[in-house]
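Have a look at the structure below before the remarks.
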Amino acid sequence: MKFIDSSIHQGQRAILCNALKDKGLAGPVVLNAMNKIPRHWFLESGFHQHAYQDKAFPIAADQTISHPSTVAWQSELLEVEPGMKVLEIGTGSGYQAAVLCELGVKLFTIERQKELFDFSKGMLDTLGYRAEMKYGDGFKGMPVFAPFDRIIVTCGAPYVPKALLGQLVPGGIMIIPVGEGSQKMVRIKKKADGTFVQKVLGDAAFVPMLKDRE
């Protein structure tokens, strides 16, 4: 596969990011990061024309690459700063992971589908991003590397996993879509005393979060 990022791709990407700006989904820091990532590389070459439309798209293992608007929204809600330790549950294609890496975080990411794990690892390597990647069960998190400043879940969780709550630092934030079937995007903040404050932010639609490995 040849990795080409032409002026046409760059123009389409700029138009997409301007549209996301107009929707008020994210600020300039997140959108500038997204504008640097060639999203078409994460799709099969025959579908590159879909890469800069605001829609999800099927990828391997019956999964999807999220809407750009969803990536922008979740990334903005996460309130990351460079150098933060961020745990991502559901690497998928690696696109959200690439955006987080471009934002300057220390990324730890888990994927349970081996085909996607291999693909996303190759994509992040190609882009020159470094992340601690794990093939395994997202419900368990990465206790060896915990605690994390931020946790982002990019699949629909039937409930909020206690293991993930336990891996947040005091003051840490988790962004997670919760629900079976229809989901709600939930922001969870861990207080200094170890308790949690939850806020429902709106509707969400993700593929289900699955236990164990493929």
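Numbering starts fresh at 1 for the residues of each chain in the structure tokens, the chains themselves are lettered A, B, ... in the order given, and ligands are numbered from 1 as they appear.
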Exercise for the section: Please provide as a PyMOL selection string all residues within 8 Å of Glu132 of chain A, with the sequence filter that same-chain residues fewer than 3 positions apart are discarded (counting only C-alpha atoms). Expected result: chain A and resi 107-109
Those residues you just picked out, can you put them in a file as a PDB file, in the first residue's frame with C-alpha atoms?
ATOM      1  CA  LEU A 107      -0.913   6.765  24.921  1.00  0.00           C
ATOM      2  CA  PHE A 108      -1.769   3.284  26.162  1.00  0.00           C
ATOM      3  CA  THR A 109      -4.319   1.497  24.003  1.00  0.00           C
TER       4      THR A 109
END
Practice task
Please report, as a list in words, each residue of segment 36-91 of chain A to which DSSP assigns strand (DSSP E or B) when run on this structure's backbone.
Solution key: Phe57, Pro58, Thr64, Ile65, Lys85, Val86, Leu87, Glu88 and Ile89 of chain A
Residues of the last selection are to be written out with N, CA and C atoms, as a PDB file, in the first residue's frame.
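The new file again_34.pdb reads:
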ATOM      1  N   PHE A  57     -17.485   4.367   9.009  1.00  0.00           N
ATOM      2  CA  PHE A  57     -17.298   3.525   7.836  1.00  0.00           C
ATOM      3  C   PHE A  57     -16.802   2.159   8.280  1.00  0.00           C
ATOM      4  N   PRO A  58     -17.293   1.077   7.640  1.00  0.00           N
ATOM      5  CA  PRO A  58     -16.871  -0.266   8.044  1.00  0.00           C
ATOM      6  C   PRO A  58     -15.377  -0.480   7.825  1.00  0.00           C
ATOM      7  N   THR A  64     -16.127  -0.461  12.953  1.00  0.00           N
ATOM      8  CA  THR A  64     -16.210   0.763  12.164  1.00  0.00           C
ATOM      9  C   THR A  64     -15.163   1.767  12.626  1.00  0.00           C
ATOM     10  N   ILE A  65     -14.780   2.642  11.707  1.00  0.00           N
ATOM     11  CA  ILE A  65     -14.021   3.826  12.070  1.00  0.00           C
ATOM     12  C   ILE A  65     -15.059   4.901  12.396  1.00  0.00           C
ATOM     13  N   LYS A  85      -0.907  10.841  30.686  1.00  0.00           N
ATOM     14  CA  LYS A  85      -1.070   9.412  30.415  1.00  0.00           C
ATOM     15  C   LYS A  85      -2.536   9.146  30.096  1.00  0.00           C
ATOM     16  N   VAL A  86      -2.767   8.624  28.908  1.00  0.00           N
ATOM     17  CA  VAL A  86      -4.138   8.385  28.449  1.00  0.00           C
ATOM     18  C   VAL A  86      -4.296   6.913  28.088  1.00  0.00           C
ATOM     19  N   LEU A  87      -5.348   6.295  28.613  1.00  0.00           N
ATOM     20  CA  LEU A  87      -5.703   4.920  28.267  1.00  0.00           C
ATOM     21  C   LEU A  87      -6.881   4.943  27.306  1.00  0.00           C
ATOM     22  N   GLU A  88      -6.712   4.291  26.167  1.00  0.00           N
ATOM     23  CA  GLU A  88      -7.791   4.165  25.182  1.00  0.00           C
ATOM     24  C   GLU A  88      -8.263   2.720  25.151  1.00  0.00           C
ATOM     25  N   ILE A  89      -9.560   2.524  25.275  1.00  0.00           N
ATOM     26  CA  ILE A  89     -10.157   1.197  25.173  1.00  0.00           C
ATOM     27  C   ILE A  89     -10.818   1.074  23.809  1.00  0.00           C
TER      28      ILE A  89
END
Problem - segment 200-212 of chain A surroundings by only C-alpha atoms, 6 Å radius, close-in-sequence under 3 positions cut, as a PyMOL selection string - result: chain A and resi 137+155-157+183-186
Exercise for the section: Go through segment 5-155 of chain A and collect every residue that DSSP, computed from the backbone, puts in helix (DSSP H, G or I); the answer should be as a count of residues only. Expected result: 73
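The protein and nucleic acid residues lying at most 9 Å from Leu116 of chain A are A:Ile59, A:Ala60, A:Ala61, A:Gln63, A:Thr91, A:Gly92, A:Ser93, A:Gly94, A:Glu111, A:Lys121, with only C-alpha atoms considered and sequence neighbours fewer than 5 positions away removed.
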Handout entry: Neighbour list for Glu44 of chain A as number ranges by chain, cut-off 12 Å, only C-alpha atoms, skip fewer than 2 positions in-chain
Key = A: 1-3, 39-42, 46-51, 57-60, 65, 93, 119
For those residues, write C-alpha atoms to a file as a short mmCIF file (atom, residue, chain, number, x, y, z; two decimals), in the first residue's frame.
data_model
loop_
_atom_site.label_atom_id
_atom_site.label_comp_id
_atom_site.auth_asym_id
_atom_site.auth_seq_id
_atom_site.Cartn_x
_atom_site.Cartn_y
_atom_site.Cartn_z
CA MET A 1 0.00 0.00 0.00
CA LYS A 2 1.34 3.41 -0.99
CA PHE A 3 0.76 6.10 1.59
CA ARG A 39 -7.79 9.66 7.68
CA HIS A 40 -7.94 8.05 4.22
CA TRP A 41 -4.97 5.87 5.17
CA PHE A 42 -7.19 4.13 7.72
CA GLY A 46 -11.18 1.76 -2.78
CA PHE A 47 -13.07 3.82 -0.22
CA HIS A 48 -10.80 6.86 0.10
CA GLN A 49 -13.55 9.10 -1.29
CA HIS A 50 -15.49 8.52 1.94
CA ALA A 51 -12.63 9.46 4.27
CA PHE A 57 -17.30 3.52 7.84
CA PRO A 58 -16.87 -0.27 8.04
CA ILE A 59 -13.37 -1.60 8.66
CA ALA A 60 -12.05 -5.08 9.40
CA ILE A 65 -14.02 3.83 12.07
CA SER A 93 -8.36 1.35 13.08
CA PHE A 119 -3.47 -3.02 11.43
#
Practice task
Excluding segment 17-19 of chain A and any residue of its chain fewer than 6 positions from it, enumerate the residues within 12 Å of it, using only C-alpha atoms, and give them as a PyMOL selection string.
Solution key: chain A and resi 10-11+25-37+39+52-54+68-69+71-72
Problem - Neighbour list for Leu165 of chain A as an MDAnalysis selection string, cut-off 12 Å, only C-alpha atoms, skip fewer than 5 positions in-chain - result: chainID A and resid 87 139:143 146:153 159:160 170:176 187:191 194:198
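Here atom CA of Pro38 of chain A is placed at a distance of 6.6 Å from atom CA of Asp5 of chain A.
Picture a line from atom CA of Val99 of chain A to atom CA of Lys21 of chain A; it runs 16.0 Å.
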Handout entry: From A:Ile8, A:Leu77, A:Met133, A:Met123, residue lying nearest Gly90 of chain A [only C-alpha atoms]
Key = A:Met133
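Minimum atom-to-atom distances from A:Met84, A:Cys101, A:Thr154, A:Gln167 to Gly128 of chain A were compared using only C-alpha atoms, and the lowest value belongs to A:Cys101.
Among the candidates A:Lys106, A:His67, A:Phe145, A:Leu78, the one nearest to Leu20 of chain A when counting only C-alpha atoms is A:His67.
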